[in-house]
Amino acid sequence: MSEEEFPVLILGGSLVGLTASALLAARRIPHLLVERHRGTAIHPRAASFHQRTMEIFRGLGLQRAVEEAAAREFVQNGAIIAVDSLSGRELACFYRSYNDGVEGLSATSRLFITQIGLEPLLRDRAQALGAEHRFATEVTGFTADDDGATVTLRPRDGGPERRIRARYLIAADGAHSFVRRQLGIEMHGRGSFAECVTIYFRADMRSMIGDRALSVVYVNQPRLLGFFRFSLTADAGFLAVFSTFDARGRRESLHGADLSPRRCAELVRAALGVPPDYPVEIDNVQPWTASAATAARFRKGPIFLAGDSAHVMPPTGGFGGNTGVADAHNLAWKLAMVIDGTAGPELLDSYEPERRPVCELTVEQAYTRYVKRVDASLPAENLAPPLDDPSIELGAIYRSEAILNEEGGDDVLLEDPCRPSGRPGTRVPHIALQRAGETVSTHDLAGPGFTLITGAQGQGWWNAARTLSASGAPLQAHRVAADGELTDPHSTFERTLGIDVAGAVLLRPDGVIGWRTRTAHADPHAKLHDVLRRLTFRR
């Protein structure tokens, strides 16, 4: 059996695996992605993408392409409501406009796009940057040791098995992860609590929708709980049925139930609130299980779990796919810096302590929304109090050895992005700066290495960074000043980041603030050298 070697092997070619591939390819890290299916998604699946995810796609040069593809699929910036039926009464409104309350928090917006529309963009971008992908390829076994993982692959269309040796392996192989099960990593949380089914259908809904811009419509009926999404033309969509109940109010098993086209059409008509003879065509039916759980570990030796292999959650809040993209974003730059030698392997130890607490919180928030929006009959013991969506989407606070916080602070996991602190461990807040007459977001300044951004009188820090960069440090520097390369037309930069005019922040490649100095320093070169040494684990 022939053997190939790669620095990184990605198992799973859906949203999270493709994002990881594109991010590694952008850093010129050779890797192989393997996916058992023959191509990208054929069912819509995740459709709501938050600003943090869009910032990541922006960093890959994909923002405009994603926005254009989204506009071809759905009405954007619509409402998220609950009704007794599409033709009936509105029961609640969660968002009158999907971007309510988050305008100005990012250079991007929340949007709706299916994985059918998104995944080909990620695949094409990764391959254009040099990534190698093998679809229609199955994993038949793997072993791991301290020096890497060995995986055996078999083409689904025939051909010899091949052995792949990888220094690191990213398991993005879904909720039923083969890798996670083989490693014996348990899932903890609420477990599975609903047998669900998604019904893809065609029907004329134009008169029912009218002039309303609707992004997500929850349906709450005594005998049916679910939600709709509709095509741009309002003549097709899907109904995700969470639960059905019999005449006595007892929950029915959807997975063991009649899911014939006739029965599925009945469910769609009930949710639409139309007569029994209303024309409905069923295209596809996909059973699935609603679960809420987080893996006990996100790493074992050279193997990292990401996406649904690390956490599963119900779709309420639209957090699932976005959380997986954030996993890939956190991990890819760390792998890249370790592989290219600009950071020590200890950097990889920060993946789990940074991501797992945030993922666990997000899983619980998704469950809370499920109970409160969908099914109040579910167990609500120790139900997490609902937190606001922007804080979950943009306000994560990381803590690990890859964050240098010399200021102390509390142990909260989130901050309100409407009131950013600039503290180490947080995503750098979006500040619109000017460069040569063009608007530049602070997010656009993060590069393949670390990025120092100073206040107007931070010349000492800027000079130190330039000297270190010239000696080979993975560092670039910017000064925000009236006479600098970057200007601050609204005079908010220093105040928003919590520094004075001689202070600075150091961004990691993922746009997270790795270190902050509020003021000047007697020896900025020595201090910055020490900070970089500690953040890159180059002892």
# chains A, B, ... in the order shown; residues from 1 in each chain; ligands from 1
>>> residues_around(residues="A:Ala482", least_positions_apart="5", cutoff="10 Å", atoms="only C-alpha atoms", output="count of residues only")
5
>>> residues_around(residues="A:Ala69", least_positions_apart="4", cutoff="10 Å", atoms="only C-alpha atoms", output="mmCIF file with N, CA, C and O atoms, in the first residue's frame")
data_model
loop_
_atom_site.group_PDB
_atom_site.id
_atom_site.type_symbol
_atom_site.label_atom_id
_atom_site.label_comp_id
_atom_site.auth_asym_id
_atom_site.auth_seq_id
_atom_site.Cartn_x
_atom_site.Cartn_y
_atom_site.Cartn_z
ATOM 1 N N ARG A 64 -17.827 39.424 -0.851
ATOM 2 C CA ARG A 64 -18.731 39.822 -1.933
ATOM 3 C C ARG A 64 -19.359 38.605 -2.614
ATOM 4 O O ARG A 64 -20.569 38.598 -2.892
ATOM 5 N N ALA A 65 -18.570 37.575 -2.857
ATOM 6 C CA ALA A 65 -19.107 36.378 -3.519
ATOM 7 C C ALA A 65 -20.179 35.717 -2.666
ATOM 8 O O ALA A 65 -21.215 35.262 -3.185
ATOM 9 N N GLU A 73 -30.515 33.473 -3.276
ATOM 10 C CA GLU A 73 -31.263 32.387 -2.632
ATOM 11 C C GLU A 73 -32.413 32.869 -1.757
ATOM 12 O O GLU A 73 -33.487 32.264 -1.758
ATOM 13 N N PHE A 74 -32.172 33.896 -0.957
ATOM 14 C CA PHE A 74 -33.145 34.277 0.057
ATOM 15 C C PHE A 74 -33.366 35.786 0.082
ATOM 16 O O PHE A 74 -32.481 36.557 -0.283
ATOM 17 N N PHE A 112 -28.355 35.117 5.142
ATOM 18 C CA PHE A 112 -28.855 33.763 4.949
ATOM 19 C C PHE A 112 -28.342 33.226 3.618
ATOM 20 O O PHE A 112 -28.522 33.855 2.574
ATOM 21 N N ILE A 113 -27.690 32.080 3.686
ATOM 22 C CA ILE A 113 -27.277 31.362 2.488
ATOM 23 C C ILE A 113 -27.214 29.886 2.853
ATOM 24 O O ILE A 113 -26.808 29.526 3.957
ATOM 25 N N THR A 114 -27.640 29.020 1.963
ATOM 26 C CA THR A 114 -27.574 27.590 2.247
ATOM 27 C C THR A 114 -26.154 27.078 2.043
ATOM 28 O O THR A 114 -25.320 27.710 1.379
ATOM 29 N N GLY A 117 -25.235 26.792 -1.544
ATOM 30 C CA GLY A 117 -24.682 27.974 -2.186
ATOM 31 C C GLY A 117 -23.301 28.349 -1.687
ATOM 32 O O GLY A 117 -22.493 28.897 -2.447
ATOM 33 N N LEU A 118 -23.005 28.037 -0.406
ATOM 34 C CA LEU A 118 -21.762 28.484 0.209
ATOM 35 C C LEU A 118 -20.591 27.542 -0.013
ATOM 36 O O LEU A 118 -19.473 27.986 -0.313
ATOM 37 N N LEU A 121 -18.190 27.832 -2.979
ATOM 38 C CA LEU A 121 -17.325 29.008 -2.922
ATOM 39 C C LEU A 121 -16.086 28.729 -2.078
ATOM 40 O O LEU A 121 -14.969 29.102 -2.453
#
>>> select_by_dssp(residues="stretch 216-353 of chain A", states="helix (DSSP H, G or I)", output="short mmCIF file (atom, residue, chain, number, x, y, z; two decimals) with N, CA, C and O atoms, in the first residue's frame")
data_model
loop_
_atom_site.label_atom_id
_atom_site.label_comp_id
_atom_site.auth_asym_id
_atom_site.auth_seq_id
_atom_site.Cartn_x
_atom_site.Cartn_y
_atom_site.Cartn_z
N PRO A 261 -44.90 10.83 1.05
CA PRO A 261 -45.20 12.15 0.49
C PRO A 261 -46.57 12.67 0.91
O PRO A 261 -46.74 13.86 1.16
N ARG A 262 -47.54 11.76 1.00
CA ARG A 262 -48.89 12.18 1.40
C ARG A 262 -48.88 12.76 2.81
O ARG A 262 -49.42 13.84 3.07
N ARG A 263 -48.25 12.03 3.76
CA ARG A 263 -48.22 12.49 5.14
C ARG A 263 -47.40 13.78 5.29
O ARG A 263 -47.80 14.71 6.00
N CYS A 264 -46.27 13.87 4.59
CA CYS A 264 -45.45 15.07 4.67
C CYS A 264 -46.19 16.28 4.11
O CYS A 264 -46.08 17.39 4.65
N ALA A 265 -46.95 16.07 3.03
CA ALA A 265 -47.74 17.17 2.47
C ALA A 265 -48.79 17.63 3.47
O ALA A 265 -49.09 18.84 3.57
N GLU A 266 -49.36 16.70 4.23
CA GLU A 266 -50.33 17.07 5.26
C GLU A 266 -49.68 17.96 6.32
O GLU A 266 -50.29 18.95 6.78
N LEU A 267 -48.46 17.61 6.72
CA LEU A 267 -47.76 18.42 7.72
C LEU A 267 -47.47 19.82 7.18
O LEU A 267 -47.63 20.82 7.90
N VAL A 268 -47.04 19.90 5.93
CA VAL A 268 -46.76 21.21 5.34
C VAL A 268 -48.03 22.04 5.27
O VAL A 268 -48.04 23.24 5.61
N ARG A 269 -49.14 21.44 4.84
CA ARG A 269 -50.40 22.18 4.75
C ARG A 269 -50.84 22.68 6.13
O ARG A 269 -51.33 23.80 6.27
N ALA A 270 -50.67 21.84 7.15
CA ALA A 270 -51.05 22.26 8.51
C ALA A 270 -50.23 23.47 8.95
O ALA A 270 -50.77 24.42 9.53
N ALA A 271 -48.93 23.45 8.65
CA ALA A 271 -48.06 24.57 9.04
C ALA A 271 -48.35 25.82 8.21
O ALA A 271 -48.22 26.95 8.70
N LEU A 272 -48.74 25.62 6.94
CA LEU A 272 -49.11 26.77 6.11
C LEU A 272 -50.47 27.34 6.49
O LEU A 272 -50.73 28.52 6.26
N GLY A 307 -16.12 21.66 14.72
CA GLY A 307 -17.48 21.59 14.20
C GLY A 307 -18.33 20.59 14.94
O GLY A 307 -18.20 20.40 16.16
N ASP A 308 -19.23 19.92 14.22
CA ASP A 308 -20.18 19.01 14.86
C ASP A 308 -19.52 17.82 15.53
O ASP A 308 -20.13 17.18 16.39
N SER A 309 -18.31 17.50 15.17
CA SER A 309 -17.62 16.42 15.88
C SER A 309 -17.29 16.84 17.31
O SER A 309 -17.12 16.00 18.19
N GLY A 320 -24.95 26.73 15.18
CA GLY A 320 -24.16 25.53 14.92
C GLY A 320 -23.04 25.70 13.91
O GLY A 320 -21.86 25.51 14.21
N GLY A 321 -23.40 26.05 12.68
CA GLY A 321 -22.39 26.20 11.64
C GLY A 321 -21.41 27.31 11.94
O GLY A 321 -20.21 27.19 11.69
N ASN A 322 -21.90 28.41 12.53
CA ASN A 322 -21.02 29.52 12.87
C ASN A 322 -19.99 29.13 13.92
O ASN A 322 -18.83 29.55 13.87
N THR A 323 -20.41 28.31 14.88
CA THR A 323 -19.48 27.86 15.92
C THR A 323 -18.41 26.98 15.32
O THR A 323 -17.23 27.07 15.70
N GLY A 324 -18.77 26.14 14.36
CA GLY A 324 -17.78 25.31 13.70
C GLY A 324 -16.78 26.10 12.89
O GLY A 324 -15.58 25.80 12.88
N VAL A 325 -17.25 27.13 12.19
CA VAL A 325 -16.34 28.00 11.43
C VAL A 325 -15.36 28.68 12.38
O VAL A 325 -14.16 28.81 12.08
N ALA A 326 -15.85 29.09 13.56
CA ALA A 326 -14.97 29.72 14.54
C ALA A 326 -13.92 28.74 15.05
O ALA A 326 -12.77 29.13 15.33
N ASP A 327 -14.27 27.45 15.18
CA ASP A 327 -13.28 26.44 15.55
C ASP A 327 -12.16 26.40 14.52
O ASP A 327 -10.97 26.42 14.87
N ALA A 328 -12.54 26.31 13.25
CA ALA A 328 -11.55 26.23 12.19
C ALA A 328 -10.66 27.47 12.16
O ALA A 328 -9.44 27.38 11.96
N HIS A 329 -11.25 28.63 12.38
CA HIS A 329 -10.51 29.88 12.37
C HIS A 329 -9.49 29.93 13.51
O HIS A 329 -8.35 30.38 13.32
N ASN A 330 -9.90 29.45 14.68
CA ASN A 330 -9.00 29.45 15.83
C ASN A 330 -7.84 28.48 15.62
O ASN A 330 -6.70 28.77 16.01
N LEU A 331 -8.12 27.36 15.00
CA LEU A 331 -7.11 26.31 14.88
C LEU A 331 -6.16 26.50 13.71
O LEU A 331 -4.96 26.21 13.82
N ALA A 332 -6.66 26.99 12.59
CA ALA A 332 -5.86 27.00 11.36
C ALA A 332 -4.59 27.84 11.50
O ALA A 332 -3.50 27.41 11.08
N TRP A 333 -4.68 29.03 12.06
CA TRP A 333 -3.48 29.88 12.15
C TRP A 333 -2.46 29.30 13.11
O TRP A 333 -1.24 29.46 12.90
N LYS A 334 -2.95 28.62 14.14
CA LYS A 334 -2.03 28.01 15.11
C LYS A 334 -1.26 26.85 14.46
O LYS A 334 -0.04 26.72 14.63
N LEU A 335 -1.99 26.01 13.72
CA LEU A 335 -1.31 24.94 12.99
C LEU A 335 -0.31 25.52 12.01
O LEU A 335 0.82 25.02 11.88
N ALA A 336 -0.71 26.58 11.31
CA ALA A 336 0.17 27.17 10.29
C ALA A 336 1.46 27.69 10.92
O ALA A 336 2.56 27.46 10.40
N MET A 337 1.36 28.39 12.04
CA MET A 337 2.56 28.97 12.65
C MET A 337 3.46 27.90 13.24
O MET A 337 4.69 28.03 13.20
N VAL A 338 2.87 26.84 13.76
CA VAL A 338 3.70 25.73 14.27
C VAL A 338 4.39 25.02 13.12
O VAL A 338 5.59 24.70 13.18
N ILE A 339 3.66 24.77 12.04
CA ILE A 339 4.23 24.04 10.91
C ILE A 339 5.31 24.84 10.20
O ILE A 339 6.35 24.30 9.80
N PRO A 345 5.26 24.28 19.35
CA PRO A 345 4.09 23.39 19.37
C PRO A 345 3.16 23.63 20.55
O PRO A 345 1.99 23.25 20.50
N GLU A 346 3.65 24.28 21.61
CA GLU A 346 2.79 24.56 22.75
C GLU A 346 1.62 25.49 22.39
O GLU A 346 0.62 25.53 23.09
N LEU A 347 1.77 26.23 21.29
CA LEU A 347 0.67 27.09 20.86
C LEU A 347 -0.60 26.30 20.64
O LEU A 347 -1.71 26.77 20.90
N LEU A 348 -0.47 25.06 20.18
CA LEU A 348 -1.64 24.23 19.88
C LEU A 348 -2.39 23.83 21.15
O LEU A 348 -3.56 23.46 21.08
N ASP A 349 -1.71 23.90 22.29
CA ASP A 349 -2.38 23.58 23.55
C ASP A 349 -3.46 24.59 23.90
O ASP A 349 -4.29 24.35 24.78
N SER A 350 -3.46 25.73 23.21
CA SER A 350 -4.45 26.78 23.53
C SER A 350 -5.78 26.56 22.83
O SER A 350 -6.77 27.24 23.17
N TYR A 351 -5.87 25.64 21.87
CA TYR A 351 -7.11 25.47 21.11
C TYR A 351 -8.26 25.05 22.02
O TYR A 351 -9.33 25.69 22.03
N GLU A 352 -8.07 24.02 22.80
CA GLU A 352 -9.17 23.54 23.64
C GLU A 352 -9.58 24.53 24.72
O GLU A 352 -10.79 24.80 24.87
N PRO A 353 -8.66 25.09 25.51
CA PRO A 353 -9.12 26.04 26.54
C PRO A 353 -9.77 27.30 25.98
O PRO A 353 -10.58 27.93 26.67
#
>>> select_by_dssp(residues="stretch 272-488 of chain A", states="strand (DSSP E or B)", output="VMD selection string")
chain A and resid 281 to 295 299 to 300 303 to 305 311 to 312 396 to 397 414 426 to 427 432 to 435 438 to 441 450 to 454 475 to 480 486 to 487
>>> write_last_selection(atoms="N, CA and C atoms", output="compact mmCIF listing (two decimals), in the first residue's frame")
# COMPACT_ATOMS: atom_id res chain seq x y z
N GLU A 281 -46.08 19.86 -3.34
CA GLU A 281 -45.24 18.78 -3.88
C GLU A 281 -44.06 18.56 -2.96
N ILE A 282 -43.78 17.31 -2.63
CA ILE A 282 -42.68 16.97 -1.74
C ILE A 282 -41.47 16.56 -2.58
N ASP A 283 -40.34 17.24 -2.36
CA ASP A 283 -39.12 16.93 -3.10
C ASP A 283 -38.20 15.97 -2.36
N ASN A 284 -38.10 16.14 -1.04
CA ASN A 284 -37.16 15.32 -0.29
C ASN A 284 -37.55 15.37 1.19
N VAL A 285 -37.16 14.32 1.91
CA VAL A 285 -37.43 14.24 3.34
C VAL A 285 -36.17 13.76 4.04
N GLN A 286 -35.72 14.50 5.06
CA GLN A 286 -34.48 14.18 5.76
C GLN A 286 -34.73 14.10 7.27
N PRO A 287 -34.74 12.87 7.84
CA PRO A 287 -34.84 12.76 9.30
C PRO A 287 -33.53 13.18 9.98
N TRP A 288 -33.63 13.76 11.16
CA TRP A 288 -32.46 14.13 11.94
C TRP A 288 -32.87 14.21 13.41
N THR A 289 -31.88 14.32 14.26
CA THR A 289 -32.12 14.33 15.70
C THR A 289 -31.61 15.63 16.31
N ALA A 290 -32.44 16.28 17.09
CA ALA A 290 -32.02 17.50 17.80
C ALA A 290 -31.29 17.09 19.07
N SER A 291 -30.07 17.60 19.23
CA SER A 291 -29.23 17.26 20.37
C SER A 291 -28.52 18.52 20.87
N ALA A 292 -28.05 18.44 22.10
CA ALA A 292 -27.25 19.53 22.66
C ALA A 292 -26.18 18.89 23.54
N ALA A 293 -24.94 18.91 23.04
CA ALA A 293 -23.86 18.26 23.79
C ALA A 293 -22.52 18.79 23.29
N THR A 294 -21.51 18.69 24.15
CA THR A 294 -20.16 19.14 23.84
C THR A 294 -19.18 18.02 24.15
N ALA A 295 -18.19 17.85 23.31
CA ALA A 295 -17.19 16.81 23.53
C ALA A 295 -16.40 17.11 24.80
N ARG A 299 -9.13 17.85 21.85
CA ARG A 299 -7.85 17.43 21.29
C ARG A 299 -7.38 16.17 21.99
N LYS A 300 -6.78 15.28 21.21
CA LYS A 300 -6.07 14.14 21.76
C LYS A 300 -4.82 13.94 20.93
N ILE A 303 -4.57 15.06 17.12
CA ILE A 303 -5.91 15.07 16.52
C ILE A 303 -6.77 16.13 17.21
N PHE A 304 -7.43 16.96 16.39
CA PHE A 304 -8.27 18.04 16.88
C PHE A 304 -9.69 17.85 16.36
N LEU A 305 -10.67 18.02 17.25
CA LEU A 305 -12.07 17.98 16.84
C LEU A 305 -12.54 19.39 16.52
N HIS A 311 -19.18 19.51 18.95
CA HIS A 311 -20.36 20.04 19.63
C HIS A 311 -21.56 19.92 18.71
N VAL A 312 -22.70 19.60 19.28
CA VAL A 312 -23.96 19.54 18.52
C VAL A 312 -24.98 20.38 19.27
N ALA A 396 -17.01 36.69 22.49
CA ALA A 396 -16.24 35.66 23.20
C ALA A 396 -14.97 36.24 23.81
N ILE A 397 -14.65 35.78 25.02
CA ILE A 397 -13.41 36.17 25.69
C ILE A 397 -12.57 34.90 25.88
N LEU A 414 -18.14 36.13 28.04
CA LEU A 414 -18.61 37.00 26.96
C LEU A 414 -18.59 38.45 27.42
N THR A 426 -10.30 39.22 23.55
CA THR A 426 -11.51 39.56 22.82
C THR A 426 -11.19 39.83 21.35
N ARG A 427 -12.19 39.66 20.51
CA ARG A 427 -12.09 40.05 19.10
C ARG A 427 -11.89 41.56 19.05
N ALA A 432 -13.84 51.81 11.94
CA ALA A 432 -13.64 52.23 10.54
C ALA A 432 -12.54 53.28 10.49
N LEU A 433 -11.39 52.91 9.93
CA LEU A 433 -10.26 53.81 9.77
C LEU A 433 -10.14 54.22 8.31
N GLN A 434 -9.28 55.15 8.03
CA GLN A 434 -9.04 55.61 6.66
C GLN A 434 -7.58 55.38 6.28
N ARG A 435 -7.38 54.89 5.07
CA ARG A 435 -6.04 54.72 4.52
C ARG A 435 -6.08 55.13 3.06
N GLU A 438 -9.42 55.39 1.51
CA GLU A 438 -10.27 54.21 1.54
C GLU A 438 -10.59 53.83 2.99
N THR A 439 -11.81 53.33 3.21
CA THR A 439 -12.19 52.87 4.54
C THR A 439 -11.61 51.48 4.80
N VAL A 440 -10.98 51.31 5.95
CA VAL A 440 -10.36 50.05 6.35
C VAL A 440 -10.88 49.69 7.74
N SER A 441 -11.34 48.48 7.90
CA SER A 441 -11.74 48.00 9.22
C SER A 441 -10.52 47.53 9.99
N PHE A 450 1.52 38.42 13.67
CA PHE A 450 0.93 39.32 14.64
C PHE A 450 0.94 40.74 14.09
N THR A 451 0.02 41.55 14.59
CA THR A 451 -0.12 42.92 14.11
C THR A 451 -0.19 43.87 15.30
N LEU A 452 0.73 44.81 15.38
CA LEU A 452 0.73 45.83 16.42
C LEU A 452 0.06 47.08 15.86
N ILE A 453 -0.91 47.61 16.60
CA ILE A 453 -1.58 48.85 16.22
C ILE A 453 -1.44 49.82 17.39
N THR A 454 -0.85 50.96 17.12
CA THR A 454 -0.57 51.92 18.19
C THR A 454 -1.44 53.16 18.08
N LEU A 475 5.66 39.80 12.49
CA LEU A 475 5.05 40.99 13.05
C LEU A 475 4.98 42.10 12.02
N GLN A 476 3.84 42.80 11.99
CA GLN A 476 3.70 44.03 11.22
C GLN A 476 3.15 45.10 12.16
N ALA A 477 3.28 46.37 11.77
CA ALA A 477 2.89 47.44 12.68
C ALA A 477 2.16 48.54 11.93
N HIS A 478 1.21 49.18 12.63
CA HIS A 478 0.47 50.33 12.11
C HIS A 478 0.32 51.35 13.23
N ARG A 479 0.35 52.61 12.85
CA ARG A 479 0.09 53.68 13.80
C ARG A 479 -1.11 54.47 13.32
N VAL A 480 -2.06 54.68 14.22
CA VAL A 480 -3.27 55.43 13.89
C VAL A 480 -3.08 56.86 14.39
N LEU A 486 -2.62 55.30 8.84
CA LEU A 486 -4.04 55.13 9.14
C LEU A 486 -4.53 56.32 9.95
N THR A 487 -5.68 56.84 9.58
CA THR A 487 -6.28 57.94 10.34
C THR A 487 -7.62 57.49 10.92
>>> closest_residue(among="A:Gly237, A:Gly101, A:Gly61, A:Gly273", to="A:Val83", atoms="only C-alpha atoms")
A:Gly273
>>> residues_around(residues="A:Gly59", least_positions_apart="2", cutoff="12 Å", atoms="only C-alpha atoms", output="ChimeraX atom specification")
/A:19,22-23,26-27,52-57,61-64,107-108,125,329,441-448,509-511
>>> write_last_selection(atoms="C-alpha atoms", output="PDB file, in the first residue's frame")
ATOM      1  CA  THR A  19     -13.279  26.542   5.897  1.00  0.00           C
ATOM      2  CA  ALA A  22      -9.317  27.559   2.755  1.00  0.00           C
ATOM      3  CA  LEU A  23      -7.665  29.089   5.826  1.00  0.00           C
ATOM      4  CA  ALA A  26      -4.320  30.987   2.429  1.00  0.00           C
ATOM      5  CA  ARG A  27      -1.311  30.408   4.683  1.00  0.00           C
ATOM      6  CA  ARG A  52     -18.016  36.889  12.895  1.00  0.00           C
ATOM      7  CA  THR A  53     -18.295  34.183  10.256  1.00  0.00           C
ATOM      8  CA  MET A  54     -18.639  36.779   7.544  1.00  0.00           C
ATOM      9  CA  GLU A  55     -15.518  38.528   8.873  1.00  0.00           C
ATOM     10  CA  ILE A  56     -13.643  35.250   8.432  1.00  0.00           C
ATOM     11  CA  PHE A  57     -14.927  34.913   4.881  1.00  0.00           C
ATOM     12  CA  GLY A  61     -11.563  37.481   0.021  1.00  0.00           C
ATOM     13  CA  LEU A  62     -15.016  35.877  -0.179  1.00  0.00           C
ATOM     14  CA  GLN A  63     -17.337  38.469   1.334  1.00  0.00           C
ATOM     15  CA  ARG A  64     -18.731  39.822  -1.933  1.00  0.00           C
ATOM     16  CA  ALA A 107     -17.828  45.698   8.286  1.00  0.00           C
ATOM     17  CA  THR A 108     -20.103  42.742   7.456  1.00  0.00           C
ATOM     18  CA  ARG A 125     -11.234  29.292  -3.016  1.00  0.00           C
ATOM     19  CA  HIS A 329     -10.507  29.881  12.373  1.00  0.00           C
ATOM     20  CA  SER A 441     -11.740  48.005   9.221  1.00  0.00           C
ATOM     21  CA  THR A 442      -9.496  47.071  12.120  1.00  0.00           C
ATOM     22  CA  HIS A 443     -10.316  43.476  11.129  1.00  0.00           C
ATOM     23  CA  ASP A 444      -8.597  44.021   7.797  1.00  0.00           C
ATOM     24  CA  LEU A 445      -5.316  44.760   9.582  1.00  0.00           C
ATOM     25  CA  ALA A 446      -4.840  41.240  10.978  1.00  0.00           C
ATOM     26  CA  GLY A 447      -2.267  39.386   8.891  1.00  0.00           C
ATOM     27  CA  PRO A 448      -0.546  36.009   8.719  1.00  0.00           C
ATOM     28  CA  PRO A 509      -3.682  36.352  13.141  1.00  0.00           C
ATOM     29  CA  ASP A 510      -7.319  35.598  14.034  1.00  0.00           C
ATOM     30  CA  GLY A 511      -7.990  39.245  14.944  1.00  0.00           C
TER      31      GLY A 511
END
>>> residues_around(residues="stretch 132-142 of chain A", least_positions_apart="3", cutoff="9 Å", atoms="only C-alpha atoms", output="PyMOL selection string")
chain A and resi 11+13+21+30-40+123+126-127+149-157+161+178-179+182
>>> atom_distance(atom1="atom CA of A:Val102", atom2="atom CA of A:Arg58")
17.2 Å
>>> atom_distance(atom1="atom CA of A:Leu394", atom2="atom CA of A:Asn220")
29.7 Å
>>> closest_atom_pairs(of="stretch 112-224 of chain A", to="stretch 356-377 of chain A", cutoff="9 Å", atoms="only C-alpha atoms", output="CSV")
residue,atom,partner,partner_atom,distance
A:Gly189,CA,A:Glu364,CA,8.2
A:Arg190,CA,A:Tyr367,CA,8.3
A:Tyr218,CA,A:Val374,CA,7.6
A:Val219,CA,A:Val374,CA,8.2
A:Asn220,CA,A:Val374,CA,6.9
>>> write_last_selection(atoms="N, CA and C atoms", output="PDB file, in the first residue's frame")
ATOM      1  N   GLY A 189     -23.792  16.781  28.038  1.00  0.00           N
ATOM      2  CA  GLY A 189     -24.778  17.839  27.860  1.00  0.00           C
ATOM      3  C   GLY A 189     -26.187  17.301  27.970  1.00  0.00           C
ATOM      4  N   ARG A 190     -27.083  17.845  27.179  1.00  0.00           N
ATOM      5  CA  ARG A 190     -28.498  17.460  27.227  1.00  0.00           C
ATOM      6  C   ARG A 190     -28.783  16.184  26.460  1.00  0.00           C
ATOM      7  N   TYR A 218     -41.118  30.395  12.788  1.00  0.00           N
ATOM      8  CA  TYR A 218     -41.435  29.274  13.677  1.00  0.00           C
ATOM      9  C   TYR A 218     -42.938  29.032  13.659  1.00  0.00           C
ATOM     10  N   VAL A 219     -43.311  27.764  13.690  1.00  0.00           N
ATOM     11  CA  VAL A 219     -44.726  27.375  13.716  1.00  0.00           C
ATOM     12  C   VAL A 219     -44.999  26.659  15.029  1.00  0.00           C
ATOM     13  N   ASN A 220     -45.900  27.211  15.820  1.00  0.00           N
ATOM     14  CA  ASN A 220     -46.262  26.618  17.114  1.00  0.00           C
ATOM     15  C   ASN A 220     -47.743  26.266  17.103  1.00  0.00           C
TER      16      ASN A 220
END
>>> closest_residue(among="A:Ala526, A:Ala41, A:Ala240, A:Ala166", to="A:Ala194", atoms="only C-alpha atoms")
A:Ala240
>>> closest_residue(among="A:Glu354, A:Glu4, A:Asp100, A:Glu393", to="A:Phe49", atoms="only C-alpha atoms")
A:Glu393
